[in-house]
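Peer 1: Input structure: run37.txt, which contains compact mmCIF, C-alpha atoms.
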# COMPACT_ATOMS: atom_id res chain seq x y z
CA ALA A 24 45.88 78.22 49.64
CA PRO A 25 49.71 78.45 49.57
CA ALA A 26 51.20 79.96 46.42
CA PRO A 27 52.97 77.52 44.06
CA GLU A 28 56.76 77.51 44.35
CA THR A 29 57.94 78.75 41.01
CA GLY A 30 61.21 80.46 41.89
CA PRO A 31 63.98 80.26 44.47
CA GLY A 32 61.84 81.99 47.11
CA ALA A 33 58.20 81.54 48.09
CA ALA A 34 55.85 83.81 46.10
CA ARG A 35 54.88 86.76 48.22
CA PRO A 36 52.49 89.47 47.07
CA PRO A 37 53.71 93.07 46.99
CA GLU A 38 52.69 95.52 49.68
CA PRO A 39 49.44 96.94 48.26
CA SER A 40 50.11 100.46 49.58
CA VAL A 41 53.10 100.91 47.28
CA LEU A 42 51.39 99.99 44.00
CA PRO A 43 49.74 103.39 43.40
CA PHE A 44 53.16 105.07 43.55
CA LEU A 45 54.85 102.85 41.00
CA VAL A 46 55.37 103.70 37.33
CA CYS A 47 57.65 102.36 34.63
CA PRO A 48 61.13 103.80 35.35
CA LEU A 49 61.74 104.28 31.63
CA SER A 50 58.54 105.89 30.40
CA LYS A 51 57.14 107.03 33.78
CA ARG A 52 53.79 105.67 32.64
CA PRO A 53 51.34 103.65 34.78
CA LEU A 54 51.65 99.90 35.18
CA ARG A 55 49.18 97.08 35.57
CA TYR A 56 49.75 94.59 38.35
CA GLU A 57 49.33 91.03 37.08
CA ALA A 58 48.80 88.85 40.15
CA ALA A 59 49.05 85.58 38.23
CA THR A 60 52.64 86.18 37.12
CA GLN A 61 53.59 88.58 39.96
CA GLU A 62 54.60 91.25 37.50
CA LEU A 63 54.04 94.94 36.93
CA VAL A 64 53.29 95.35 33.26
CA ASN A 65 53.86 98.34 31.01
CA GLU A 66 51.53 97.40 28.20
CA GLU A 67 52.55 100.26 25.91
CA LEU A 68 56.22 99.32 25.88
CA GLY A 69 55.55 95.62 26.25
CA ILE A 70 57.73 95.05 29.29
CA ALA A 71 57.02 93.52 32.67
CA TYR A 72 58.88 94.12 35.91
CA PRO A 73 59.04 91.21 38.35
CA VAL A 74 57.90 91.26 41.95
CA VAL A 75 60.59 89.18 43.62
CA ASP A 76 59.66 87.84 47.04
CA GLY A 77 57.15 90.66 47.47
CA ILE A 78 59.59 93.39 46.41
CA PRO A 79 58.81 95.16 43.11
CA THR A 80 62.08 95.05 41.18
CA MET A 81 61.77 98.11 39.01
CA LEU A 82 64.96 97.82 37.01
CA PRO A 83 64.90 97.68 33.20
CA GLU A 84 67.62 95.01 33.39
CA ALA A 85 65.26 92.81 35.39
CA ALA A 86 62.26 93.29 33.09
CA ARG A 87 61.17 90.88 30.41
CA LYS A 88 59.43 91.58 27.16
CA VAL A 89 55.74 90.78 26.92
CA PRO A 90 53.39 91.25 24.00
CA ALA A 91 52.40 94.93 23.82
CA ARG A 92 48.66 95.51 24.02
CA PRO A 93 46.58 98.55 23.13
CA ALA A 94 44.57 100.05 26.01
CA GLU A 95 41.26 98.27 26.69
CA GLN A 96 38.11 99.97 25.40
CA HIS A 97 35.54 100.75 28.08
CA ALA B 7 56.93 113.94 27.23
CA LEU B 8 59.29 111.39 25.75
CA ALA B 9 61.33 109.38 28.19
CA ARG B 10 65.07 109.90 28.22
CA PRO B 11 66.96 107.43 26.05
CA ALA B 12 67.90 104.25 27.89
CA ARG B 13 71.25 104.43 29.61
CA GLY B 14 72.73 101.91 27.21
CA LEU B 15 72.52 104.45 24.40
CA ALA B 16 74.18 107.28 26.32
CA ALA B 17 77.86 107.96 25.82
CA HIS B 18 80.05 105.88 28.13
CA GLY B 19 82.55 107.94 30.00
CA GLU B 20 85.00 107.07 32.66
CA THR B 21 84.42 107.66 36.30
CA HIS B 22 85.90 106.81 39.65
CA PHE B 23 85.32 103.79 41.84
CA GLY B 24 87.03 105.00 44.96
CA PHE B 25 90.54 105.81 43.77
CA GLN B 26 90.35 103.53 40.73
CA THR B 27 89.26 104.75 37.32
CA VAL B 28 86.53 102.61 35.80
CA SER B 29 83.98 102.90 33.03
CA GLU B 30 80.58 104.18 34.11
CA GLU B 31 79.02 100.81 33.40
CA GLU B 32 81.59 99.06 35.57
CA LYS B 33 81.05 101.45 38.46
CA GLY B 34 77.40 100.44 38.84
CA GLU B 35 78.33 96.77 38.87
CA LYS B 36 81.18 97.20 41.31
CA VAL B 37 79.05 99.27 43.69
CA TYR B 38 76.35 96.61 43.51
CA GLN B 39 78.86 93.92 44.42
CA VAL B 40 80.19 95.95 47.36
CA PHE B 41 76.74 96.25 48.91
CA GLU B 42 75.76 92.71 48.09
CA SER B 43 78.86 91.63 49.95
CA VAL B 44 78.41 93.85 53.02
CA ALA B 45 74.60 93.71 53.32
CA ARG B 46 74.37 91.35 56.23
CA LYS B 47 77.12 93.04 58.21
CA TYR B 48 76.20 96.57 57.18
CA ASP B 49 74.68 97.69 60.47
CA VAL B 50 77.40 96.12 62.61
CA MET B 51 80.06 97.77 60.47
CA ASN B 52 78.36 101.17 60.72
CA ASP B 53 78.41 100.94 64.51
CA SER B 54 82.02 99.78 64.60
CA MET B 55 83.40 102.27 62.11
CA SER B 56 81.63 105.30 63.50
CA LEU B 57 81.62 104.16 67.12
CA GLY B 58 77.86 104.36 67.04
CA ILE B 59 77.88 108.03 66.04
CA HIS B 60 76.05 107.30 62.77
CA ARG B 61 72.93 106.80 64.91
CA VAL B 62 73.19 110.36 66.17
CA TRP B 63 73.67 111.70 62.63
CA LYS B 64 70.53 109.90 61.52
CA ASP B 65 68.59 111.18 64.54
CA VAL B 66 69.63 114.73 63.63
CA LEU B 67 68.38 114.17 60.09
CA LEU B 68 64.96 113.19 61.41
CA HIS B 69 64.79 116.15 63.76
CA LYS B 70 65.65 118.44 60.88
CA MET B 71 62.94 116.82 58.79
CA ASN B 72 60.44 117.17 61.66
CA PRO B 73 57.76 115.23 59.76
CA SER B 74 54.13 115.59 60.70
CA PRO B 75 51.66 112.68 60.50
CA GLY B 76 50.46 112.22 56.94
CA THR B 77 53.89 112.83 55.41
CA LEU B 78 54.86 110.70 52.41
CA LEU B 79 58.57 109.93 52.50
CA LEU B 80 60.74 108.40 49.81
CA ASP B 81 63.99 107.12 51.26
CA VAL B 82 66.42 106.39 48.45
CA ALA B 83 69.39 104.07 48.85
CA GLY B 84 67.69 103.34 52.17
CA GLY B 85 68.69 99.68 52.16
CA THR B 86 68.60 98.47 55.72
CA GLY B 87 65.88 100.87 56.84
CA ASP B 88 67.59 103.10 59.41
CA ILE B 89 65.91 106.29 58.18
CA ALA B 90 62.56 104.59 57.53
CA PHE B 91 62.31 103.19 61.07
CA ARG B 92 63.24 106.52 62.61
CA PHE B 93 60.61 108.23 60.47
CA ILE B 94 57.94 105.81 61.64
CA ASN B 95 58.93 106.25 65.29
CA TYR B 96 58.90 110.03 64.90
CA VAL B 97 55.45 110.38 63.29
CA ARG B 98 54.03 107.81 65.66
CA SER B 99 55.13 109.81 68.70
CA VAL B 100 53.96 113.10 67.15
CA ARG B 101 50.59 111.54 66.53
CA GLU B 102 50.37 110.16 70.07
CA ARG B 103 51.10 113.61 71.41
CA GLN B 104 48.47 115.14 69.14
CA LEU B 105 45.80 112.72 70.32
CA ARG B 106 46.72 113.20 73.97
CA ARG B 107 46.55 116.96 73.55
CA LYS B 108 43.16 116.64 71.91
CA LEU B 109 41.86 114.59 74.82
CA LYS B 110 43.26 117.05 77.37
CA HIS B 111 41.52 119.99 75.75
CA HIS B 112 38.15 118.34 75.73
CA GLN B 113 37.47 117.79 79.40
CA ASN B 114 33.76 117.13 78.94
CA LEU B 115 34.09 114.10 76.70
CA SER B 116 31.68 111.22 76.98
CA TRP B 117 33.10 107.74 77.47
CA GLN B 118 32.15 107.01 73.88
CA GLU B 119 34.19 109.97 72.62
CA ILE B 120 37.20 108.93 74.68
CA ALA B 121 36.95 105.36 73.43
CA ASP B 122 36.69 106.63 69.84
CA SER B 123 39.89 108.65 70.27
CA TYR B 124 41.80 105.62 71.47
CA GLN B 125 40.43 103.58 68.62
CA GLU B 126 41.52 106.25 66.17
CA GLU B 127 45.04 105.90 67.48
CA ALA B 128 44.90 102.12 67.27
CA ILE B 129 43.64 102.07 63.69
CA LYS B 130 45.89 104.81 62.37
CA PRO B 131 48.92 105.00 64.60
CA LEU B 132 50.88 106.74 61.87
CA GLY B 133 48.05 108.95 60.67
CA ASP B 134 48.43 108.05 56.97
CA SER B 135 52.19 108.64 56.98
CA GLN B 136 54.03 106.39 54.57
CA VAL B 137 57.62 105.61 53.75
CA VAL B 138 58.81 103.89 50.59
CA VAL B 139 62.33 102.54 50.85
CA CYS B 140 63.99 102.38 47.46
CA ASP B 141 67.39 100.77 46.87
CA ILE B 142 69.12 99.37 43.83
CA ASN B 143 70.34 96.41 45.84
CA THR B 144 67.94 93.57 46.64
CA GLU B 145 70.17 92.17 49.38
CA MET B 146 70.19 95.41 51.32
CA LEU B 147 66.40 95.68 51.08
CA LYS B 148 65.95 92.11 52.25
CA VAL B 149 68.07 92.86 55.31
CA GLY B 150 65.94 95.95 55.90
CA ARG B 151 62.70 94.04 55.58
CA GLN B 152 63.89 91.34 57.94
CA LYS B 153 64.84 93.99 60.47
CA ALA B 154 61.40 95.55 60.09
CA GLU B 155 59.76 92.22 60.82
CA HIS B 156 61.91 91.65 63.92
CA LEU B 157 61.29 95.15 65.22
CA GLY B 158 57.56 94.97 64.52
CA TYR B 159 57.30 97.60 61.77
CA SER B 160 54.66 96.85 59.18
CA GLU B 161 52.24 99.74 58.75
CA GLY B 162 53.08 102.42 56.24
CA LEU B 163 56.32 100.84 55.05
CA SER B 164 57.17 99.38 51.66
CA TRP B 165 60.27 98.24 49.80
CA VAL B 166 61.11 98.78 46.14
CA VAL B 167 64.16 97.86 44.09
CA GLY B 168 64.93 100.85 41.90
CA ASN B 169 67.70 103.02 40.50
CA ALA B 170 68.14 106.52 41.96
CA GLU B 171 68.98 107.76 38.45
CA GLU B 172 65.75 106.34 37.01
CA LEU B 173 63.14 106.19 39.76
CA PRO B 174 60.00 104.09 39.24
CA PHE B 175 57.74 106.69 40.81
CA GLY B 176 55.35 109.16 39.24
CA ASP B 177 55.87 112.92 39.27
CA GLU B 178 55.10 114.92 42.39
CA LYS B 179 54.27 111.99 44.65
CA PHE B 180 56.29 112.60 47.81
CA ASP B 181 56.55 115.25 50.49
CA VAL B 182 60.12 114.42 51.45
CA TYR B 183 63.00 112.69 49.67
CA THR B 184 65.92 111.47 51.74
CA VAL B 185 69.18 109.85 50.78
CA ALA B 186 71.49 108.92 53.61
CA PHE B 187 75.02 107.75 52.80
CA GLY B 188 73.86 106.65 49.37
CA ILE B 189 74.27 109.41 46.84
CA ARG B 190 78.06 109.18 46.70
CA ASN B 191 77.65 105.67 45.30
CA VAL B 192 75.48 106.80 42.39
CA THR B 193 77.25 106.96 39.02
CA HIS B 194 75.44 110.09 37.80
CA ILE B 195 74.67 112.21 40.81
CA ASP B 196 73.10 114.94 38.67
CA LEU B 197 70.53 112.46 37.34
CA ALA B 198 69.68 111.32 40.85
CA LEU B 199 69.13 114.95 41.87
CA GLN B 200 66.91 115.56 38.84
CA GLU B 201 64.86 112.50 39.68
CA ALA B 202 64.59 113.67 43.29
CA TYR B 203 63.21 116.95 42.02
CA ARG B 204 60.72 115.22 39.72
CA VAL B 205 59.15 112.95 42.32
CA LEU B 206 58.76 115.63 44.98
CA LYS B 207 55.50 117.54 45.29
CA PRO B 208 55.72 121.32 45.01
CA GLY B 209 56.78 122.46 48.46
CA GLY B 210 58.56 119.15 48.97
CA ARG B 211 61.93 118.84 50.64
CA PHE B 212 65.17 117.17 49.61
CA LEU B 213 67.42 116.01 52.43
CA CYS B 214 70.80 114.37 51.99
CA LEU B 215 72.98 113.03 54.79
CA GLU B 216 76.43 112.26 53.44
CA PHE B 217 80.10 112.22 54.27
CA SER B 218 81.72 115.54 53.50
CA GLN B 219 84.89 117.55 53.98
CA VAL B 220 86.35 117.98 57.42
CA THR B 221 86.88 121.65 58.12
CA ASN B 222 89.57 121.40 60.79
CA PRO B 223 93.07 120.50 59.43
CA VAL B 224 94.20 118.64 62.55
CA LEU B 225 91.04 116.59 62.72
CA SER B 226 91.37 116.02 58.98
CA ARG B 227 94.74 114.27 59.44
CA LEU B 228 93.38 112.09 62.25
CA TYR B 229 90.32 111.29 60.19
CA ASP B 230 92.47 110.24 57.21
CA LEU B 231 94.59 108.05 59.44
CA TYR B 232 91.51 106.43 60.93
CA SER B 233 89.86 105.99 57.55
CA PHE B 234 92.75 104.41 55.73
CA GLN B 235 94.44 102.51 58.55
CA ILE B 236 91.60 101.36 60.80
CA ILE B 237 88.42 101.04 58.75
CA PRO B 238 89.56 98.54 56.13
CA VAL B 239 91.11 96.44 58.91
CA LEU B 240 87.78 96.50 60.76
CA GLY B 241 86.17 95.54 57.49
CA GLU B 242 88.39 92.52 57.22
CA ILE B 243 87.96 91.45 60.84
CA ILE B 244 84.22 91.98 61.11
CA ALA B 245 82.95 91.41 57.59
CA GLY B 246 85.84 89.50 56.05
CA ASP B 247 85.97 92.12 53.34
CA TRP B 248 88.85 94.58 53.22
CA LYS B 249 88.29 95.74 49.65
CA SER B 250 84.69 96.81 50.10
CA TYR B 251 85.60 99.01 53.02
CA GLN B 252 88.60 100.35 51.17
CA TYR B 253 86.14 101.36 48.46
CA LEU B 254 83.79 102.97 50.96
CA VAL B 255 86.60 105.04 52.47
CA GLU B 256 87.88 106.13 49.04
CA SER B 257 84.39 107.00 47.81
CA ILE B 258 84.08 109.45 50.68
CA ARG B 259 87.21 111.28 49.50
CA ARG B 260 85.84 111.42 45.95
CA PHE B 261 82.55 113.02 46.86
CA PRO B 262 82.25 116.79 46.23
CA PRO B 263 82.70 119.09 49.23
CA GLN B 264 79.84 120.97 50.85
CA GLU B 265 79.68 124.05 48.62
CA GLU B 266 80.09 122.11 45.38
CA PHE B 267 77.37 119.65 46.29
CA LYS B 268 75.13 122.56 47.23
CA GLU B 269 75.59 123.94 43.72
CA MET B 270 74.73 120.58 42.18
CA ILE B 271 71.51 120.53 44.18
CA GLU B 272 70.70 124.04 42.98
CA ASP B 273 71.39 122.96 39.39
CA ALA B 274 68.63 120.39 39.73
CA GLY B 275 66.18 123.19 40.46
CA PHE B 276 66.03 123.17 44.24
CA LEU B 277 65.76 126.45 46.12
CA LYS B 278 66.78 127.61 49.61
CA VAL B 279 69.57 125.05 49.49
CA ASP B 280 71.79 124.96 52.53
CA TYR B 281 73.85 122.52 54.55
CA GLN B 282 74.67 121.78 58.15
CA ASN B 283 77.98 120.24 59.16
CA LEU B 284 77.98 117.56 61.78
CA THR B 285 81.03 116.36 63.69
CA SER B 286 83.26 119.05 62.19
CA GLY B 287 82.21 118.26 58.66
CA ILE B 288 82.79 114.52 58.71
CA VAL B 289 79.18 114.45 57.55
CA ALA B 290 76.87 117.15 56.29
CA ILE B 291 73.11 117.41 55.85
CA HIS B 292 72.14 119.24 52.67
CA SER B 293 68.59 120.49 52.34
CA GLY B 294 66.66 122.01 49.45
CA PHE B 295 63.07 122.73 48.53
CA LYS B 296 61.04 122.33 45.37
CA LEU B 297 59.22 125.63 45.27
Translate this file's structure into structure tokens.
Peer 2:
Amino acid sequence: APAPETGPGAARPPEPSVLPFLVCPLSKRPLRYEAATQELVNEELGIAYPVVDGIPTMLPEAARKVPARPAEQH
Amino acid sequence: ALARPARGLAAHGETHFGFQTVSEEEKGEKVYQVFESVARKYDVMNDSMSLGIHRVWKDVLLHKMNPSPGTLLLDVAGGTGDIAFRFINYVRSVRERQLRRKLKHHQNLSWQEIADSYQEEAIKPLGDSQVVVCDINTEMLKVGRQKAEHLGYSEGLSWVVGNAEELPFGDEKFDVYTVAFGIRNVTHIDLALQEAYRVLKPGGRFLCLEFSQVTNPVLSRLYDLYSFQIIPVLGEIIAGDWKSYQYLVESIRRFPPQEEFKEMIEDAGFLKVDYQNLTSGIVAIHSGFKL
């Protein structure tokens, strides 16, 4: 099914092969990819980097604050 | 380890934007605007300004790199993809040669074995090689990605918006780090070099292709004349943007000469650092290893 148009460009998923390389540019810690919002989330710092038109935009200026969450218990 | 404090908290000094003096904050913005403005005409301008010679410089960089299949490359400030595409072509042809050689040496192969070899090439034409193109400018990356689509590149290639001074990659992830005609635009070159060191695996290689100091005094005068009289005019005619090309020409003059840049690379921890002049020093390739 086509992705809903939420922004100026059509939503495009990021290239999966790049995700394992990416970390938060500030803390260098791992990120969680949230497909629903097309964001790469640093849960510890409570910030999320957008994936714009399939391109992860890993700039602190582009990030938005999200509620910080402790790591899930397994 | 704690992350470095965010750039906003660091002391703001002054720096150069071409021949102007600007605050460090301003420089980043102004550089961004330059590349946003030239993005769509970037390749055309490169061909016009250098009379196509930039293609040779980039080919030399790849030959120096001599990547084998399976290499993980990070190309920083790689915007429109010139280095990335050359890397893909290079490892693809190395791999083809490897597979052909393998077939030649096994004369008594069954049809099944031969078919398997061809399938191996079809499934993994790059042999697990990967290139990540990182640029601070979304417009440049979009041009690069469009080019990739037109030229049929898809496997092993990805695009990330990121800052060379603050890379969004984990430690020790890449075999090779390249920056071609990008590092002179970075506000804090030393930080970019430190980040390059961090993301390279032990044994990894740093390669920088950048404008440098012309060694020959006669050629130097001609080069200055060409740079300041012809290039901005070309910029205006072809891209409708004199100022951006004026900046580009000035930024070349501001960049440290070969020996000084070599020392900066050594300061970041790289060993066996050396450089190779091309076209009488109009450009130089600096190389260093994380050992």
Peer 1: For Leu68 in chain A, find every residue with an atom within 10 Å (counting only C-alpha atoms), except residues of its own chain fewer than 6 positions away, and show them as a compact mmCIF listing (two decimals) with C-alpha atoms, keeping the file's coordinate frame.
Peer 2:
# COMPACT_ATOMS: atom_id res chain seq x y z
CA CYS A 47 57.65 102.36 34.63
CA LEU A 49 61.74 104.28 31.63
CA SER A 50 58.54 105.89 30.40
CA ARG A 52 53.79 105.67 32.64
CA LYS A 88 59.43 91.58 27.16
CA VAL A 89 55.74 90.78 26.92
CA PRO A 90 53.39 91.25 24.00
CA ALA A 91 52.40 94.93 23.82
CA ARG A 92 48.66 95.51 24.02
Peer 1: Compile the residues of chain B that lie within 12 Å of chain A, evaluated using all atoms listed in the file, and express the compilation as number ranges by chain.
Peer 2: B: 7-14, 78-80, 134-148, 150-151, 160-180, 201, 204-205
Peer 1: In terms of the shortest atom-to-atom distance over only C-alpha atoms, which of B:Glu242, B:Asp88, B:Glu102, B:Glu155 is closest to Trp63 in chain B?
Peer 2: B:Asp88
Peer 1: Rounded to one decimal, what separation in Å do you get between CA of His112 in chain B and CA of Glu126 in chain B?
Peer 2: 15.8 Å
Peer 1: Quick one: everything within 8 Å of Gly287 in chain B, counting only C-alpha atoms, minus sequence neighbours fewer than 4 positions away in the same chain. Send it as a list of chain:residue names.
Peer 2: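 In the requested format, the answer is B:Phe217, B:Ser218, B:Gln219, B:Val220, B:Thr221, B:Asn283.
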Peer 1: Distance CA of Ser293 in chain B-CA of Asp273 in chain B, one decimal place?
Peer 2: 13.5 Å
Peer 1: Using all atoms listed in the file - which residues lie no farther than 12 Å from the point (82.2, 90.1, 55.9) in the file's frame? Write them as a list in words.
Peer 2: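 Within the cut-off we find Val40, Phe41, Glu42, Ser43, Val44, Ala45, Arg46, Lys47, Tyr48, Asp49, Val50, Met51, Pro238, Val239, Leu240, Gly241, Glu242, Ile243, Ile244, Ala245, Gly246, Asp247, Trp248, Lys249, Ser250 and Tyr251 of chain B.
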Peer 1: Quick one, how far is CA of Leu109 in chain B from CA of Tyr124 in chain B?
Peer 2: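 Between CA of Leu109 in chain B and CA of Tyr124 in chain B the gap works out to 9.6 Å.
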Peer 1: Could you write out as lines of an AutoDock Vina configuration file the box around range 102-121 of chain B (axis-aligned, all atoms listed in the file, 5 Å on each side), with centre and edge lengths in Å to one decimal?
Peer 2:
center_x = 41.4
center_y = 112.7
center_z = 74.3
size_x = 29.4
size_y = 24.6
size_z = 20.3
Peer 1: Do a neighbour search on His292 in chain B at 9 Å with all atoms listed in the file, toss out local chain neighbours closer than 4 positions, and write the hits as a CSV table (one decimal) with C-alpha atoms, in the coordinates of the input.
Peer 2:
chain,number,residue,atom,x,y,z
B,212,PHE,CA,65.2,117.2,49.6
B,213,LEU,CA,67.4,116.0,52.4
B,214,CYS,CA,70.8,114.4,52.0
B,215,LEU,CA,73.0,113.0,54.8
B,216,GLU,CA,76.4,112.3,53.4
B,264,GLN,CA,79.8,121.0,50.8
B,267,PHE,CA,77.4,119.6,46.3
B,268,LYS,CA,75.1,122.6,47.2
B,271,ILE,CA,71.5,120.5,44.2
B,279,VAL,CA,69.6,125.0,49.5
B,280,ASP,CA,71.8,125.0,52.5
B,281,TYR,CA,73.8,122.5,54.6
B,282,GLN,CA,74.7,121.8,58.2
B,283,ASN,CA,78.0,120.2,59.2
